[in-house]
Each structure stands twice: as C-alpha cells, then as structure tokens.
Amino acid sequence: MKHHSIKTYRRIIQISVAITFIILPLLNQLGFTFIWGNFLNIHIGPLNLTDPLAVLQITLKNLYFPPRLLMSTGIVLIIAMCFGTIFCSWICPFGLLSELVHGLAKRVLPDSFKKLNFQNSGFKIKIYILASGLLFFFLFCTTPIINQVSMPFWYSQIFQYLFIQKHVSFAVLFVAVILFTEFISRKRLWCRYICPQSFLLVIAKLLNPFHLKVGYHNEKCISNKNNNPCQKACSLSLDPRTLSNLLETECNNCGDCVVACNKLGKALNFQFSRHFS
Ligand code: SF4
Ligand code: SF4
C-alpha cells in the first residue's frame, strides 16, 4: 500500500477547510446550520471557537470576562499550547494560498530574485506591529480593530459578502496584492512578519516548553553546506537544524522539513520535548 507523507494529509485538510469556507455561506442559506460563522468566531455543533486576539481586545477594553467567551478561545489556545501553531500550517486558508504562491515563485522566478533576503526577526516585527495596534485600539476604538488585518478572517468574509450580500469585497484586492508581493519577493512576508492572528497562538505554545516541535538529531544528519534539503523545504525560510528559541517562534510545525529529511535519513522528527535535540 502506498505510504502518504504528512504533507499529503496536510494538503487534504488545508484544501478541505478552504473549500468549506467557500461553500459554507451557501449551505447556511440553504438551512445547514451545524457549522456557521467565520474565522473570528465559528460554531461547529455545540462547539464554539473564537479568535483569541478578538477576545483579548474585547475583554481587556471592557474589563468583562464572560466564561463562555473565555472557554471558546481557551480551546484554541490549549490546542496551540500542545501542538504549536498548527492552525497556520493545517487550517488557515491564507496559509495555504501563501504556500502555493511561494512554491510557484520558487519554480518560475529567475535566479536574480532568489537573492532577496530578509533578516530572521519576524516575531520581533510582529511584536512591534501588534503593540502599535493594541495601543491604537485602547486609545481610540470601542470594537476590536486588529482583526481587520486578519487574512483568515478576510478569506471567510469574502465568500460571506459574495454569497449573502451579493457584492465583491475590497478584501479580494487586499489579499491579491499581498500574494503578488509574496510572489515577487519569494518570501512568505505576511505570515512571517505581519499576521497578528498567529501572535497569541505563539505565546500560548511558548507557555508550554513541552509543546510539539521539530527535533534535530545531529548524529543522524547526513547533510552538508550544499545539501540541506530540510532548509530548502521550509517555505518560511527557517533552518530546522538551528531552531533557536527565537526562530522556533516562527515554526508552524508544517512538517515539510521532516518529510524532506526522512527521504535521506532520520535526523528530524516531531517530538514533545523541552529541547530541540
Ligand atoms: S500567520 Fe496568519 S495568515 Fe499566516 S497561516 Fe498563520 S494565521 Fe494564517
Ligand atoms: S522548520 Fe520545518 S516544521 Fe517548521 S515551518 Fe519550516 S518546514 Fe515547517
């Protein structure tokens, strides 16, 4: 029987989620209500999941902590505490689009574009952006605003607007511009440097040092400077052999490096461990 890699299962789930959020508004209009909502707040039967960033803004601004809201976001954070930011690599439709665009750019762009390089400080930049957004929100706003730059939220909103309110959202252009920028830069800029949606998920995983992570076993590594399939496989341009705590904030446990490594040896694996090796 053919053995499928973790990447195959990941793609199946990513595509299924992406398609679900396209057809969900239509199904809801036809009376299907088992699943409804968007990436800010979704109901799946009796289960309610809410974006932690929206809850943070609502609760701190109003100093009001409704248990149902905390529970609905607590589930999301507990998943991140155990398994890391797998929302980004297995669920988020923008993550899927960004990965596909990145893969296309790697194949078709000339070598000169490959030289573009960015410093490895995506999480630090996210901290500055989020802190500015939160300050603006607390000083001038009454409703959560940071989620207005949430790509998964806009992905689901685009189809809600299209099928329920019958108009094309401005967000289509916004998403297209970001993806085009990522295409010509050959970097997953939004996910690595800007996206506020993933920020609290990263904080949640850092609270649990034993969360699922990629482990590197130097003694089993057969790569050298010119042959590093794991690093080449990482769409976020990380080197899983040197995942320090800072860089680890950016790894979303997609497993592409593990798959690439396992074709040659077994130096990388997933583990629930405090350490990377
Ligand atoms: S970083 Fe943001 S846009 Fe990227 S995959 Fe994660 S939630 Fe989605
Ligand atoms: S280091 Fe590996 S698991 Fe982490 S994002 Fe890169 S390819 Fe995915």
# chains A, B, ... in the order shown; residues from 1 in each chain; ligands from 1
$ residues_near_ligand --ligand "ligand 1" --cutoff "8 Å" --atoms "only C-alpha atoms and all ligand atoms" --output "count of residues only"
24
$ residues_near_ligand --ligand "ligand 2" --cutoff "7 Å" --atoms "only C-alpha atoms and all ligand atoms" --output "list in words"
Val214, Cys230, Ala233, Cys234, Ser235, Leu236, Ser237, Leu238, Asp239, Pro240, Glu250, Cys251, Asn252, Asn253, Cys254, Gly255, Asp256, Cys257 and Val258 of chain A
$ write_last_selection --atoms "all heavy atoms" --output "compact mmCIF listing (two decimals), in the first residue's frame"
# COMPACT_ATOMS: atom_id res chain seq x y z
N VAL A 214 9.77 20.46 16.20
CA VAL A 214 10.70 19.69 15.37
C VAL A 214 12.00 19.49 16.14
O VAL A 214 12.60 20.46 16.61
CB VAL A 214 10.98 20.44 14.04
CG1 VAL A 214 12.05 19.71 13.24
CG2 VAL A 214 9.71 20.56 13.22
N CYS A 230 16.25 19.98 4.17
CA CYS A 230 15.26 20.43 5.16
C CYS A 230 15.05 21.93 5.06
O CYS A 230 13.92 22.43 5.03
CB CYS A 230 15.67 20.03 6.56
SG CYS A 230 17.35 20.55 7.00
N ALA A 233 13.22 22.95 2.02
CA ALA A 233 11.80 22.59 2.04
C ALA A 233 10.95 23.56 2.83
O ALA A 233 9.73 23.59 2.69
CB ALA A 233 11.64 21.18 2.64
N CYS A 234 11.59 24.36 3.67
CA CYS A 234 10.82 25.24 4.57
C CYS A 234 10.36 26.49 3.84
O CYS A 234 11.17 27.32 3.44
CB CYS A 234 11.66 25.63 5.79
SG CYS A 234 10.71 26.67 6.93
N SER A 235 9.05 26.65 3.70
CA SER A 235 8.53 27.82 2.98
C SER A 235 8.73 29.11 3.78
O SER A 235 8.60 30.19 3.23
CB SER A 235 7.05 27.62 2.64
OG SER A 235 6.29 27.63 3.82
N LEU A 236 9.01 28.98 5.08
CA LEU A 236 9.23 30.18 5.89
C LEU A 236 10.72 30.54 5.98
O LEU A 236 11.11 31.38 6.78
CB LEU A 236 8.67 29.97 7.30
CG LEU A 236 7.14 29.90 7.38
CD1 LEU A 236 6.69 29.49 8.77
CD2 LEU A 236 6.51 31.22 6.99
N SER A 237 11.53 29.83 5.18
CA SER A 237 12.97 30.09 5.12
C SER A 237 13.68 29.85 6.45
O SER A 237 14.65 30.54 6.78
CB SER A 237 13.27 31.53 4.65
OG SER A 237 12.45 31.89 3.59
N LEU A 238 13.20 28.92 7.24
CA LEU A 238 13.86 28.59 8.51
C LEU A 238 14.80 27.42 8.30
O LEU A 238 14.60 26.61 7.40
CB LEU A 238 12.82 28.20 9.57
CG LEU A 238 11.69 29.20 9.84
CD1 LEU A 238 10.70 28.62 10.83
CD2 LEU A 238 12.25 30.52 10.35
N ASP A 239 15.81 27.33 9.16
CA ASP A 239 16.69 26.17 9.14
C ASP A 239 16.37 25.32 10.37
O ASP A 239 16.74 25.70 11.49
CB ASP A 239 18.16 26.62 9.17
CG ASP A 239 19.10 25.43 9.05
OD1 ASP A 239 18.63 24.27 9.16
OD2 ASP A 239 20.31 25.65 8.84
N PRO A 240 15.69 24.20 10.20
CA PRO A 240 15.26 23.42 11.37
C PRO A 240 16.42 22.82 12.15
O PRO A 240 16.25 22.40 13.29
CB PRO A 240 14.39 22.32 10.76
CG PRO A 240 14.79 22.24 9.34
CD PRO A 240 15.26 23.61 8.94
N GLU A 250 8.67 31.04 15.03
CA GLU A 250 8.13 31.18 13.68
C GLU A 250 7.80 29.84 13.03
O GLU A 250 7.12 29.80 12.01
CB GLU A 250 9.12 31.95 12.83
CG GLU A 250 9.42 33.31 13.44
CD GLU A 250 10.40 34.12 12.63
OE1 GLU A 250 10.35 34.02 11.40
OE2 GLU A 250 11.20 34.84 13.23
N CYS A 251 8.29 28.75 13.58
CA CYS A 251 8.00 27.43 13.01
C CYS A 251 6.55 27.06 13.31
O CYS A 251 6.09 27.16 14.45
CB CYS A 251 8.94 26.39 13.61
SG CYS A 251 8.50 24.70 13.15
N ASN A 252 5.82 26.65 12.27
CA ASN A 252 4.41 26.31 12.49
C ASN A 252 4.13 24.81 12.44
O ASN A 252 2.99 24.39 12.28
CB ASN A 252 3.53 27.07 11.48
CG ASN A 252 3.88 26.70 10.04
OD1 ASN A 252 4.41 25.62 9.78
ND2 ASN A 252 3.59 27.60 9.11
N ASN A 253 5.19 24.02 12.60
CA ASN A 253 5.04 22.55 12.63
C ASN A 253 4.38 21.99 11.37
O ASN A 253 3.61 21.04 11.44
CB ASN A 253 4.23 22.11 13.85
CG ASN A 253 5.07 22.11 15.12
OD1 ASN A 253 6.27 22.30 15.05
ND2 ASN A 253 4.43 21.93 16.26
N CYS A 254 4.69 22.59 10.22
CA CYS A 254 4.10 22.06 8.97
C CYS A 254 4.65 20.68 8.66
O CYS A 254 3.98 19.86 8.04
CB CYS A 254 4.34 23.03 7.82
SG CYS A 254 6.05 23.08 7.24
N GLY A 255 5.90 20.43 9.03
CA GLY A 255 6.49 19.10 8.82
C GLY A 255 7.16 18.93 7.47
O GLY A 255 7.69 17.84 7.18
N ASP A 256 7.19 19.97 6.63
CA ASP A 256 7.82 19.82 5.31
C ASP A 256 9.30 19.46 5.42
O ASP A 256 9.83 18.68 4.63
CB ASP A 256 7.66 21.12 4.49
CG ASP A 256 6.22 21.33 4.07
OD1 ASP A 256 5.37 20.47 4.39
OD2 ASP A 256 5.93 22.35 3.42
N CYS A 257 9.98 20.04 6.44
CA CYS A 257 11.40 19.73 6.61
C CYS A 257 11.58 18.28 7.06
O CYS A 257 12.52 17.61 6.64
CB CYS A 257 12.03 20.70 7.61
SG CYS A 257 11.21 20.71 9.22
N VAL A 258 10.68 17.81 7.90
CA VAL A 258 10.77 16.43 8.39
C VAL A 258 10.58 15.45 7.22
O VAL A 258 11.32 14.47 7.08
CB VAL A 258 9.71 16.17 9.49
CG1 VAL A 258 9.77 14.72 9.97
CG2 VAL A 258 9.91 17.13 10.66
$ select_by_dssp --residues "range 13-177 of chain A" --states "strand (DSSP E)" --output "number ranges by chain"
A: 35-37, 41-44, 47-50
$ write_last_selection --atoms "all heavy atoms" --output "PDB file, in the first residue's frame"
ATOM      1  N   ILE A  35     -22.589  23.926  11.034  1.00  0.00           N
ATOM      2  CA  ILE A  35     -21.387  24.776  11.088  1.00  0.00           C
ATOM      3  C   ILE A  35     -21.774  26.159  10.555  1.00  0.00           C
ATOM      4  O   ILE A  35     -22.365  26.260   9.484  1.00  0.00           O
ATOM      5  CB  ILE A  35     -20.243  24.219  10.205  1.00  0.00           C
ATOM      6  CG1 ILE A  35     -19.915  22.769  10.579  1.00  0.00           C
ATOM      7  CG2 ILE A  35     -18.996  25.087  10.334  1.00  0.00           C
ATOM      8  CD1 ILE A  35     -18.877  22.122   9.661  1.00  0.00           C
ATOM      9  N   TRP A  36     -21.462  27.206  11.292  1.00  0.00           N
ATOM     10  CA  TRP A  36     -21.663  28.559  10.767  1.00  0.00           C
ATOM     11  C   TRP A  36     -20.695  29.522  11.442  1.00  0.00           C
ATOM     12  O   TRP A  36     -20.192  29.241  12.533  1.00  0.00           O
ATOM     13  CB  TRP A  36     -23.109  29.021  10.927  1.00  0.00           C
ATOM     14  CG  TRP A  36     -23.612  29.098  12.350  1.00  0.00           C
ATOM     15  CD1 TRP A  36     -24.129  28.070  13.079  1.00  0.00           C
ATOM     16  CD2 TRP A  36     -23.625  30.249  13.199  1.00  0.00           C
ATOM     17  NE1 TRP A  36     -24.462  28.501  14.330  1.00  0.00           N
ATOM     18  CE2 TRP A  36     -24.174  29.845  14.440  1.00  0.00           C
ATOM     19  CE3 TRP A  36     -23.244  31.578  13.052  1.00  0.00           C
ATOM     20  CZ2 TRP A  36     -24.347  30.714  15.507  1.00  0.00           C
ATOM     21  CZ3 TRP A  36     -23.415  32.462  14.122  1.00  0.00           C
ATOM     22  CH2 TRP A  36     -23.969  32.016  15.329  1.00  0.00           C
ATOM     23  N   GLY A  37     -20.436  30.619  10.737  1.00  0.00           N
ATOM     24  CA  GLY A  37     -19.515  31.626  11.277  1.00  0.00           C
ATOM     25  C   GLY A  37     -18.346  31.851  10.343  1.00  0.00           C
ATOM     26  O   GLY A  37     -18.399  31.521   9.156  1.00  0.00           O
ATOM     27  N   ASN A  41     -15.141  33.811  14.681  1.00  0.00           N
ATOM     28  CA  ASN A  41     -15.982  33.078  15.610  1.00  0.00           C
ATOM     29  C   ASN A  41     -16.746  32.022  14.820  1.00  0.00           C
ATOM     30  O   ASN A  41     -17.530  32.360  13.947  1.00  0.00           O
ATOM     31  CB  ASN A  41     -16.962  34.064  16.276  1.00  0.00           C
ATOM     32  CG  ASN A  41     -17.778  33.392  17.362  1.00  0.00           C
ATOM     33  OD1 ASN A  41     -17.342  32.388  17.935  1.00  0.00           O
ATOM     34  ND2 ASN A  41     -18.948  33.914  17.629  1.00  0.00           N
ATOM     35  N   ILE A  42     -16.477  30.776  15.131  1.00  0.00           N
ATOM     36  CA  ILE A  42     -17.156  29.721  14.376  1.00  0.00           C
ATOM     37  C   ILE A  42     -17.863  28.753  15.324  1.00  0.00           C
ATOM     38  O   ILE A  42     -17.356  28.445  16.413  1.00  0.00           O
ATOM     39  CB  ILE A  42     -16.178  28.968  13.446  1.00  0.00           C
ATOM     40  CG1 ILE A  42     -16.937  27.943  12.617  1.00  0.00           C
ATOM     41  CG2 ILE A  42     -15.050  28.293  14.214  1.00  0.00           C
ATOM     42  CD1 ILE A  42     -16.377  27.685  11.278  1.00  0.00           C
ATOM     43  N   HIS A  43     -19.033  28.310  14.900  1.00  0.00           N
ATOM     44  CA  HIS A  43     -19.802  27.337  15.676  1.00  0.00           C
ATOM     45  C   HIS A  43     -19.796  26.022  14.909  1.00  0.00           C
ATOM     46  O   HIS A  43     -20.168  25.975  13.742  1.00  0.00           O
ATOM     47  CB  HIS A  43     -21.249  27.813  15.843  1.00  0.00           C
ATOM     48  CG  HIS A  43     -21.336  29.094  16.612  1.00  0.00           C
ATOM     49  ND1 HIS A  43     -21.702  29.156  17.940  1.00  0.00           N
ATOM     50  CD2 HIS A  43     -21.084  30.368  16.234  1.00  0.00           C
ATOM     51  CE1 HIS A  43     -21.670  30.403  18.345  1.00  0.00           C
ATOM     52  NE2 HIS A  43     -21.311  31.169  17.321  1.00  0.00           N
ATOM     53  N   ILE A  44     -19.374  24.956  15.591  1.00  0.00           N
ATOM     54  CA  ILE A  44     -19.423  23.617  14.999  1.00  0.00           C
ATOM     55  C   ILE A  44     -20.259  22.767  15.946  1.00  0.00           C
ATOM     56  O   ILE A  44     -19.770  22.328  17.001  1.00  0.00           O
ATOM     57  CB  ILE A  44     -18.006  23.017  14.830  1.00  0.00           C
ATOM     58  CG1 ILE A  44     -17.112  23.980  14.062  1.00  0.00           C
ATOM     59  CG2 ILE A  44     -18.082  21.659  14.135  1.00  0.00           C
ATOM     60  CD1 ILE A  44     -15.648  23.611  14.060  1.00  0.00           C
ATOM     61  N   LEU A  47     -19.929  23.167  19.733  1.00  0.00           N
ATOM     62  CA  LEU A  47     -18.600  23.743  19.989  1.00  0.00           C
ATOM     63  C   LEU A  47     -18.513  25.150  19.395  1.00  0.00           C
ATOM     64  O   LEU A  47     -18.892  25.379  18.248  1.00  0.00           O
ATOM     65  CB  LEU A  47     -17.538  22.837  19.344  1.00  0.00           C
ATOM     66  CG  LEU A  47     -16.082  23.133  19.654  1.00  0.00           C
ATOM     67  CD1 LEU A  47     -15.787  22.904  21.129  1.00  0.00           C
ATOM     68  CD2 LEU A  47     -15.185  22.251  18.790  1.00  0.00           C
ATOM     69  N   ASN A  48     -17.996  26.062  20.193  1.00  0.00           N
ATOM     70  CA  ASN A  48     -17.819  27.439  19.725  1.00  0.00           C
ATOM     71  C   ASN A  48     -16.344  27.809  19.870  1.00  0.00           C
ATOM     72  O   ASN A  48     -15.780  27.674  20.949  1.00  0.00           O
ATOM     73  CB  ASN A  48     -18.702  28.370  20.571  1.00  0.00           C
ATOM     74  CG  ASN A  48     -18.625  29.805  20.102  1.00  0.00           C
ATOM     75  OD1 ASN A  48     -18.189  30.071  18.978  1.00  0.00           O
ATOM     76  ND2 ASN A  48     -19.041  30.733  20.931  1.00  0.00           N
ATOM     77  N   LEU A  49     -15.733  28.250  18.769  1.00  0.00           N
ATOM     78  CA  LEU A  49     -14.317  28.631  18.805  1.00  0.00           C
ATOM     79  C   LEU A  49     -14.186  30.106  18.429  1.00  0.00           C
ATOM     80  O   LEU A  49     -14.728  30.541  17.405  1.00  0.00           O
ATOM     81  CB  LEU A  49     -13.505  27.770  17.830  1.00  0.00           C
ATOM     82  CG  LEU A  49     -13.548  26.250  18.055  1.00  0.00           C
ATOM     83  CD1 LEU A  49     -12.854  25.512  16.926  1.00  0.00           C
ATOM     84  CD2 LEU A  49     -12.915  25.885  19.389  1.00  0.00           C
ATOM     85  N   THR A  50     -13.468  30.864  19.250  1.00  0.00           N
ATOM     86  CA  THR A  50     -13.346  32.304  19.000  1.00  0.00           C
ATOM     87  C   THR A  50     -11.869  32.688  18.910  1.00  0.00           C
ATOM     88  O   THR A  50     -11.024  32.159  19.642  1.00  0.00           O
ATOM     89  CB  THR A  50     -14.003  33.102  20.149  1.00  0.00           C
ATOM     90  OG1 THR A  50     -15.312  32.587  20.353  1.00  0.00           O
ATOM     91  CG2 THR A  50     -14.111  34.577  19.812  1.00  0.00           C
TER      92      THR A  50
END
$ closest_residue --among "A:Thr73, A:Gln160, A:Ser169, A:Ser273" --to "Leu212 in chain A" --atoms "only C-alpha atoms"
A:Ser273
$ select_by_dssp --residues "range 112-204 of chain A" --states "helix (DSSP H, G or I)" --output "short mmCIF file (atom, residue, chain, number, x, y, z; two decimals) with N, CA, C and O atoms, in the first residue's frame"
data_model
loop_
_atom_site.label_atom_id
_atom_site.label_comp_id
_atom_site.auth_asym_id
_atom_site.auth_seq_id
_atom_site.Cartn_x
_atom_site.Cartn_y
_atom_site.Cartn_z
N SER A 112 17.86 35.72 -10.14
CA SER A 112 18.18 37.01 -9.53
C SER A 112 17.25 37.32 -8.37
O SER A 112 17.63 37.92 -7.38
N PHE A 113 15.98 36.89 -8.48
CA PHE A 113 15.04 37.18 -7.41
C PHE A 113 15.34 36.33 -6.17
O PHE A 113 14.95 36.69 -5.08
N LYS A 114 16.03 35.21 -6.37
CA LYS A 114 16.29 34.33 -5.24
C LYS A 114 17.23 34.97 -4.22
O LYS A 114 17.32 34.54 -3.09
N GLY A 122 11.21 37.88 12.33
CA GLY A 122 9.79 38.04 12.05
C GLY A 122 8.96 38.27 13.30
O GLY A 122 8.07 39.12 13.32
N PHE A 123 9.27 37.53 14.35
CA PHE A 123 8.43 37.64 15.55
C PHE A 123 8.60 38.99 16.23
O PHE A 123 7.64 39.57 16.74
N LYS A 124 9.85 39.52 16.20
CA LYS A 124 10.08 40.84 16.80
C LYS A 124 9.26 41.91 16.07
O LYS A 124 8.66 42.78 16.68
N ILE A 125 9.24 41.82 14.74
CA ILE A 125 8.47 42.79 13.96
C ILE A 125 6.99 42.67 14.29
O ILE A 125 6.28 43.66 14.45
N LYS A 126 6.53 41.42 14.45
CA LYS A 126 5.12 41.22 14.82
C LYS A 126 4.80 41.86 16.17
O LYS A 126 3.73 42.41 16.37
N ILE A 127 5.75 41.78 17.10
CA ILE A 127 5.52 42.38 18.42
C ILE A 127 5.29 43.89 18.27
O ILE A 127 4.36 44.45 18.83
N TYR A 128 6.15 44.55 17.47
CA TYR A 128 6.01 46.00 17.29
C TYR A 128 4.66 46.32 16.63
O TYR A 128 3.97 47.25 17.04
N ILE A 129 4.31 45.57 15.61
CA ILE A 129 3.06 45.85 14.89
C ILE A 129 1.86 45.64 15.81
O ILE A 129 0.95 46.47 15.90
N LEU A 130 1.88 44.54 16.56
CA LEU A 130 0.74 44.25 17.43
C LEU A 130 0.65 45.26 18.56
O LEU A 130 -0.45 45.72 18.90
N ALA A 131 1.80 45.63 19.13
CA ALA A 131 1.78 46.60 20.23
C ALA A 131 1.21 47.93 19.74
O ALA A 131 0.40 48.56 20.43
N SER A 132 1.60 48.35 18.52
CA SER A 132 1.06 49.60 17.97
C SER A 132 -0.44 49.48 17.77
O SER A 132 -1.20 50.41 18.09
N GLY A 133 -0.88 48.34 17.25
CA GLY A 133 -2.30 48.12 17.01
C GLY A 133 -3.10 48.13 18.30
O GLY A 133 -4.18 48.74 18.38
N LEU A 134 -2.55 47.48 19.33
CA LEU A 134 -3.27 47.43 20.61
C LEU A 134 -3.36 48.82 21.24
O LEU A 134 -4.39 49.21 21.78
N LEU A 135 -2.25 49.58 21.14
CA LEU A 135 -2.25 50.94 21.70
C LEU A 135 -3.32 51.79 21.01
O LEU A 135 -4.11 52.48 21.67
N PHE A 136 -3.36 51.71 19.70
CA PHE A 136 -4.35 52.48 18.93
C PHE A 136 -5.76 52.06 19.33
O PHE A 136 -6.64 52.89 19.54
N PHE A 137 -5.96 50.74 19.48
CA PHE A 137 -7.28 50.22 19.84
C PHE A 137 -7.71 50.74 21.21
O PHE A 137 -8.83 51.25 21.38
N PHE A 138 -6.81 50.66 22.20
CA PHE A 138 -7.20 51.07 23.55
C PHE A 138 -7.42 52.58 23.64
O PHE A 138 -8.24 53.04 24.42
N LEU A 139 -6.71 53.35 22.81
CA LEU A 139 -6.87 54.80 22.88
C LEU A 139 -8.07 55.32 22.10
O LEU A 139 -8.76 56.24 22.54
N PHE A 140 -8.35 54.70 20.95
CA PHE A 140 -9.31 55.35 20.04
C PHE A 140 -10.53 54.50 19.65
O PHE A 140 -11.44 55.03 19.01
N ILE A 146 -7.87 45.08 15.35
CA ILE A 146 -6.67 44.41 14.82
C ILE A 146 -7.06 43.26 13.90
O ILE A 146 -6.37 42.96 12.95
N ASN A 147 -8.22 42.66 14.18
CA ASN A 147 -8.65 41.55 13.34
C ASN A 147 -9.00 42.00 11.92
O ASN A 147 -9.20 41.17 11.04
N GLN A 148 -9.10 43.32 11.74
CA GLN A 148 -9.38 43.80 10.38
C GLN A 148 -8.22 43.53 9.44
O GLN A 148 -8.36 43.67 8.23
N VAL A 149 -7.08 43.15 9.98
CA VAL A 149 -5.98 42.73 9.11
C VAL A 149 -5.71 41.24 9.28
O VAL A 149 -4.57 40.79 9.13
N MET A 151 -5.96 37.73 7.80
CA MET A 151 -6.17 37.11 6.49
C MET A 151 -7.19 35.95 6.52
O MET A 151 -8.05 35.88 5.65
N PRO A 152 -7.12 35.05 7.51
CA PRO A 152 -8.15 34.00 7.51
C PRO A 152 -9.54 34.58 7.67
O PRO A 152 -10.51 34.09 7.06
N PHE A 153 -9.68 35.63 8.48
CA PHE A 153 -10.99 36.28 8.65
C PHE A 153 -11.48 36.83 7.32
O PHE A 153 -12.62 36.61 6.91
N TRP A 154 -10.58 37.52 6.60
CA TRP A 154 -10.99 38.11 5.33
C TRP A 154 -11.30 37.04 4.29
O TRP A 154 -12.20 37.22 3.46
N TYR A 155 -10.55 35.95 4.34
CA TYR A 155 -10.83 34.87 3.40
C TYR A 155 -12.29 34.41 3.56
O TYR A 155 -13.03 34.30 2.58
N SER A 156 -12.72 34.17 4.80
CA SER A 156 -14.09 33.71 5.00
C SER A 156 -15.10 34.82 4.72
O SER A 156 -16.19 34.57 4.18
N GLN A 157 -14.72 36.07 5.03
CA GLN A 157 -15.64 37.19 4.78
C GLN A 157 -15.90 37.41 3.29
O GLN A 157 -17.00 37.79 2.91
N ILE A 158 -14.87 37.18 2.49
CA ILE A 158 -15.03 37.39 1.04
C ILE A 158 -16.21 36.58 0.53
O ILE A 158 -17.07 37.08 -0.23
N PHE A 159 -16.33 35.33 0.95
CA PHE A 159 -17.40 34.48 0.43
C PHE A 159 -18.73 34.76 1.14
O PHE A 159 -19.79 34.57 0.54
N GLN A 160 -18.67 35.22 2.37
CA GLN A 160 -19.92 35.63 3.03
C GLN A 160 -20.50 36.85 2.31
O GLN A 160 -21.70 36.91 2.04
N TYR A 161 -19.64 37.83 2.00
CA TYR A 161 -20.11 39.00 1.25
C TYR A 161 -20.65 38.59 -0.12
O TYR A 161 -21.70 39.05 -0.55
N LEU A 162 -19.89 37.73 -0.79
CA LEU A 162 -20.25 37.37 -2.17
C LEU A 162 -21.60 36.64 -2.23
O LEU A 162 -22.45 36.97 -3.05
N PHE A 163 -21.80 35.66 -1.36
CA PHE A 163 -22.98 34.82 -1.48
C PHE A 163 -24.17 35.31 -0.67
O PHE A 163 -25.31 34.98 -0.98
N ILE A 164 -23.93 36.09 0.37
CA ILE A 164 -25.06 36.55 1.19
C ILE A 164 -25.42 37.99 0.83
O ILE A 164 -26.58 38.31 0.56
N GLN A 165 -24.40 38.87 0.78
CA GLN A 165 -24.72 40.28 0.48
C GLN A 165 -24.56 40.60 -1.01
O GLN A 165 -24.79 41.73 -1.43
N ALA A 171 -11.62 43.23 0.05
CA ALA A 171 -10.59 42.34 0.59
C ALA A 171 -9.96 41.46 -0.50
O ALA A 171 -8.82 41.02 -0.36
N VAL A 172 -10.70 41.22 -1.59
CA VAL A 172 -10.13 40.42 -2.69
C VAL A 172 -8.86 41.09 -3.20
O VAL A 172 -7.83 40.43 -3.40
N LEU A 173 -8.94 42.41 -3.37
CA LEU A 173 -7.78 43.16 -3.87
C LEU A 173 -6.65 43.13 -2.84
O LEU A 173 -5.47 42.93 -3.19
N PHE A 174 -7.00 43.29 -1.59
CA PHE A 174 -6.03 43.29 -0.49
C PHE A 174 -5.25 41.96 -0.47
O PHE A 174 -4.02 41.93 -0.44
N VAL A 175 -6.00 40.87 -0.50
CA VAL A 175 -5.37 39.54 -0.48
C VAL A 175 -4.50 39.35 -1.72
O VAL A 175 -3.37 38.85 -1.65
N ALA A 176 -5.02 39.79 -2.88
CA ALA A 176 -4.29 39.60 -4.14
C ALA A 176 -2.97 40.38 -4.12
O ALA A 176 -1.92 39.87 -4.56
N VAL A 177 -3.01 41.60 -3.59
CA VAL A 177 -1.79 42.43 -3.55
C VAL A 177 -0.74 41.77 -2.64
O VAL A 177 0.45 41.70 -2.98
N ILE A 178 -1.19 41.26 -1.51
CA ILE A 178 -0.23 40.62 -0.60
C ILE A 178 0.37 39.37 -1.24
O ILE A 178 1.59 39.15 -1.20
N LEU A 179 -0.47 38.57 -1.88
CA LEU A 179 0.04 37.35 -2.51
C LEU A 179 1.00 37.69 -3.66
O LEU A 179 2.01 37.02 -3.85
N PHE A 180 0.69 38.75 -4.40
CA PHE A 180 1.57 39.15 -5.50
C PHE A 180 2.92 39.61 -4.95
O PHE A 180 3.99 39.28 -5.49
N THR A 181 2.86 40.38 -3.84
CA THR A 181 4.11 40.84 -3.21
C THR A 181 4.94 39.64 -2.74
O THR A 181 6.17 39.60 -2.89
N GLU A 182 4.26 38.66 -2.18
CA GLU A 182 4.97 37.46 -1.73
C GLU A 182 5.55 36.70 -2.92
O GLU A 182 6.62 36.11 -2.84
N PHE A 183 4.83 36.74 -4.03
CA PHE A 183 5.30 36.04 -5.22
C PHE A 183 6.60 36.64 -5.73
O PHE A 183 7.58 35.93 -5.95
N ILE A 184 6.63 37.97 -5.89
CA ILE A 184 7.83 38.57 -6.46
C ILE A 184 8.99 38.60 -5.46
O ILE A 184 10.15 38.66 -5.84
N SER A 185 8.68 38.58 -4.17
CA SER A 185 9.77 38.56 -3.17
C SER A 185 10.22 37.15 -2.84
O SER A 185 11.25 36.96 -2.20
N LEU A 189 5.89 36.82 3.41
CA LEU A 189 6.05 38.02 4.23
C LEU A 189 4.95 38.18 5.27
O LEU A 189 5.22 38.51 6.43
N TRP A 190 3.71 37.97 4.84
CA TRP A 190 2.60 38.24 5.76
C TRP A 190 2.67 37.33 6.99
O TRP A 190 2.60 37.79 8.13
N CYS A 191 2.78 36.04 6.75
CA CYS A 191 2.77 35.09 7.87
C CYS A 191 3.97 35.28 8.77
O CYS A 191 3.88 35.16 9.99
N ARG A 192 5.10 35.59 8.18
CA ARG A 192 6.32 35.64 8.98
C ARG A 192 6.49 36.97 9.72
O ARG A 192 7.00 37.00 10.84
N TYR A 193 6.06 38.06 9.10
CA TYR A 193 6.40 39.36 9.67
C TYR A 193 5.21 40.18 10.16
O TYR A 193 5.39 41.12 10.93
N ILE A 194 4.01 39.89 9.70
CA ILE A 194 2.91 40.80 10.00
C ILE A 194 1.74 40.15 10.72
O ILE A 194 1.25 40.69 11.71
N PHE A 199 -0.20 35.59 16.59
CA PHE A 199 0.65 36.06 17.68
C PHE A 199 0.33 35.36 19.01
O PHE A 199 1.21 34.83 19.69
N LEU A 200 -0.94 35.36 19.39
CA LEU A 200 -1.29 34.76 20.69
C LEU A 200 -1.14 33.25 20.66
O LEU A 200 -0.93 32.62 21.71
N LEU A 201 -1.24 32.67 19.49
CA LEU A 201 -1.01 31.22 19.38
C LEU A 201 0.46 30.91 19.69
O LEU A 201 0.79 29.92 20.34
N VAL A 202 1.35 31.78 19.21
CA VAL A 202 2.78 31.61 19.51
C VAL A 202 3.02 31.76 21.01
O VAL A 202 3.73 30.96 21.63
N ILE A 203 2.41 32.79 21.60
CA ILE A 203 2.58 33.00 23.05
C ILE A 203 2.08 31.76 23.81
O ILE A 203 2.73 31.29 24.76
N ALA A 204 0.95 31.20 23.38
CA ALA A 204 0.38 30.03 24.06
C ALA A 204 1.35 28.86 23.98
O ALA A 204 1.60 28.17 24.98
#
$ residues_around --residues "Lys266 in chain A" --least-positions-apart "2" --cutoff "12 Å" --atoms "only C-alpha atoms" --output "PyMOL selection string"
chain A and resi 214-223+230+257-264+268-270
